[in-house]
Amino acid sequence: MAANPKITFIGAGSTVFMKNIVGDVLQRPALSGATIALMDLNPQRLEESAIVVNKLISTLGVKAKAETYSDQRKALAGADFVVVAFQIGGYEPCTVTDFEVPKKYGLRQTIADTLGVGGIMRGLRTVPHLWKVCEDMLAVCPEAIMLQYVNPMAINTWAISEKYPTIRQVGLCHSVQGTAMELAHDLDIPYEEIRYRAAGINHMAFYLKFEHRQADGSYRNLYPDLLRAYREGRAPKPGWNPRCPNKVRYEMLTRLGYFVTESSEHFAEYTPYFIKEGREDLIEKFGIPLDEYPKRCIEQIERWKGQAEAYRSADKIEVAPSKEYASSIINSVWTGEPSVIYGNVRNNGCITSLPENCAAEVPCLVDASGIQPTYIGDLPPQLTALIRTNINVQELTVQALMTENREHIYHAAMMDPHTAAELDLDQIWSLVDDLLATHGDWLPEWARTARKVQAA
């Protein structure tokens with residue numbers, strides 16, 4: 001093993017995200033001499049990212065070095081860790097298509113990057129590029145660990161494990177730790193005093209335990225407090241985004257008995273209960289932020305213009321620790337110092353009530369041996385049932401990709417809970433036709449030509 005790790009960023013033009021992870025990494029003594037290899041196809045974004053990394057290195061006074069690449073395989077050569085963060089098709093044209101085409105059919109969405117017709121299309125666009133990363137890794141860094149931060153996380157993780165089972169990979173998200181912090185805030189309890197255990201699939205994992213450490217060292221179940229706070233109007237407290245009041249998850253807590261780890265704006269479109277034609281009362285009651293993701297994209301693009309300029313002119317770039325797991329994983333694998341993270345991995349019997357081959361989100365032990373998922377057993381039956389409705393869509397999308405069978409794209413859309421609650425079969429088929437035709441070259445070749453429904 002070399003004295004210092006090589007960490008390659010594929011999609012390094014996601015500058016703010018990359019800055020947070022590199023900042024975390026370089027503040028760990030064992031990693032402060034790392035080689036940071038940045039790869040992106042957009043030369044301007046790549047240059048901006050290199051400026052940021054070099055300023056971080058100088059601000060922190062560490063011996064790390066930055067390299068830039070436009071060639072993916074060269075960037076990956078000899079890597080120990082590969083961080084992937086790209087968005088195929090970007091906000092324009094692809095995200096716009098994923099929102100505007102379904103709208104013509106009366107199908108409204110909030111985020112559209114994980115499930116639903118938006119998530120299916122994003123999966124079809126994205127997985128072939130992730131597979132190409134895997135192919136290059138097998139050629140030039142077969143032992144490297146892929147830290148994958150790309151949506152749709154569950155579809156991506158599942159598709160990688162199906163086609164490239166030897167790639168050491170984990171899908172990473174910050175929803176488990178992020179939501180735990182929100183709930184601690186809602187209850188006015190310091191986050192450091194909370195203990196939890198969560199499991200499920202990405203964006204639909206649930207806290208099986210959510211507890212507060214007491215002065216005598218014992219733990220108290222916080223679910224009764226959360227329910228009481230919601231019923232008395234004390235929770236949820238206003239969060240970072242006034243458009244997203246987080247009521248959907250609290251309402252589902254009252255029905256399921258468990259709190260889900262991904263935000264209310266996401267969760268509203270993973271289920272058939274909240275976004276319904278002619279039910280504006282539901283949209284209002286639960287504060288459902290329709291078209292939320294495009295709004296965020298526009299705000300982010302606007303914000304980045306000023307941010308990029310600020311980075312260029314800054315002498316130093318200060319960096320606060322982020323809540324991402326990447327540096328913790330890299331440090332544990334590199335030094336052997338153990339840590340626990342929540343990761344998305346092939347289920348392999350960790351959650352016994354879900355399919356073996358699905359992508360499960362479970363607590364994982366990380367040490368010099370890599371990422372080791374922990375055993376959960378059966379989930380409560382109501383959670384298993386709800387999660388399976390999402391797994392159906394993921395499984396059919398992965399099947400479409402693996403077999404290049406376009407029919408399964410239609411089947412995936414047909415099984416989606418939100419789509420099926422709003423549209424009939426003819427509408428679903430026509431909508432998928434339209435999406436495939438509009439996305440065109442962004443999709444793999446086998447998926448491109450829209451199929452027409454045969455008249456009965």
# chains A, B, ... in the order shown; residues from 1 in each chain; ligands from 1

$ residues_around --residues "Arg249 (chain A)" --least-positions-apart "3" --cutoff "10 Å" --atoms "only C-alpha atoms" --output "PyMOL selection string"
chain A and resi 236+245-246+252-255+258-268+286

$ select_by_dssp --residues "region 119-274 of chain A" --states "strand (DSSP E or B)" --output "NGL selection string"
:A and (145-148 or 168-171 or 194-201 or 204-213 or 219-221 or 260)

$ closest_residue --among "A:Pro128, A:Tyr410, A:Asn357, A:Thr397" --to "Gln427 (chain A)" --atoms "only C-alpha atoms"
A:Tyr410

$ closest_residue --among "A:Trp446, A:Tyr91, A:Trp334, A:Tyr270" --to "Leu124 (chain A)" --atoms "only C-alpha atoms"
A:Trp446

$ closest_residue --among "A:Asn202, A:Thr59, A:Thr157, A:Asn4" --to "Pro29 (chain A)" --atoms "only C-alpha atoms"
A:Asn4

$ residues_around --residues "Phe86 (chain A)" --least-positions-apart "2" --cutoff "7 Å" --atoms "only C-alpha atoms" --output "PyMOL selection string"
chain A and resi 11+84+88+150

$ residues_around --residues "Gly370 (chain A)" --least-positions-apart "4" --cutoff "10 Å" --atoms "only C-alpha atoms" --output "list of chain:residue names"
A:Ile145, A:Arg168, A:Gln169, A:Ile329, A:Ile330, A:Ser332, A:Val333, A:Trp334, A:Gly336, A:Pro338, A:Cys364, A:Leu365, A:Val366

$ write_last_selection --atoms "C-alpha atoms" --output "JSON list (two decimals), in the first residue's frame"
[["chain", "number", "residue", "atom", "x", "y", "z"],
["A", 145, "ILE", "CA", -13.85, 1.18, -3.46],
["A", 168, "ARG", "CA", -16.45, -2.91, -4.22],
["A", 169, "GLN", "CA", -19.15, -0.26, -4.03],
["A", 329, "ILE", "CA", -15.07, 5.45, 5.08],
["A", 330, "ILE", "CA", -11.77, 6.37, 3.44],
["A", 332, "SER", "CA", -11.38, 3.60, 8.24],
["A", 333, "VAL", "CA", -10.29, 1.55, 5.22],
["A", 334, "TRP", "CA", -6.92, 3.31, 5.05],
["A", 336, "GLY", "CA", -8.14, 0.30, 10.08],
["A", 338, "PRO", "CA", -13.40, 1.32, 12.66],
["A", 364, "CYS", "CA", -22.30, -0.96, 7.90],
["A", 365, "LEU", "CA", -19.08, -1.48, 9.84],
["A", 366, "VAL", "CA", -16.06, -0.04, 8.03]]
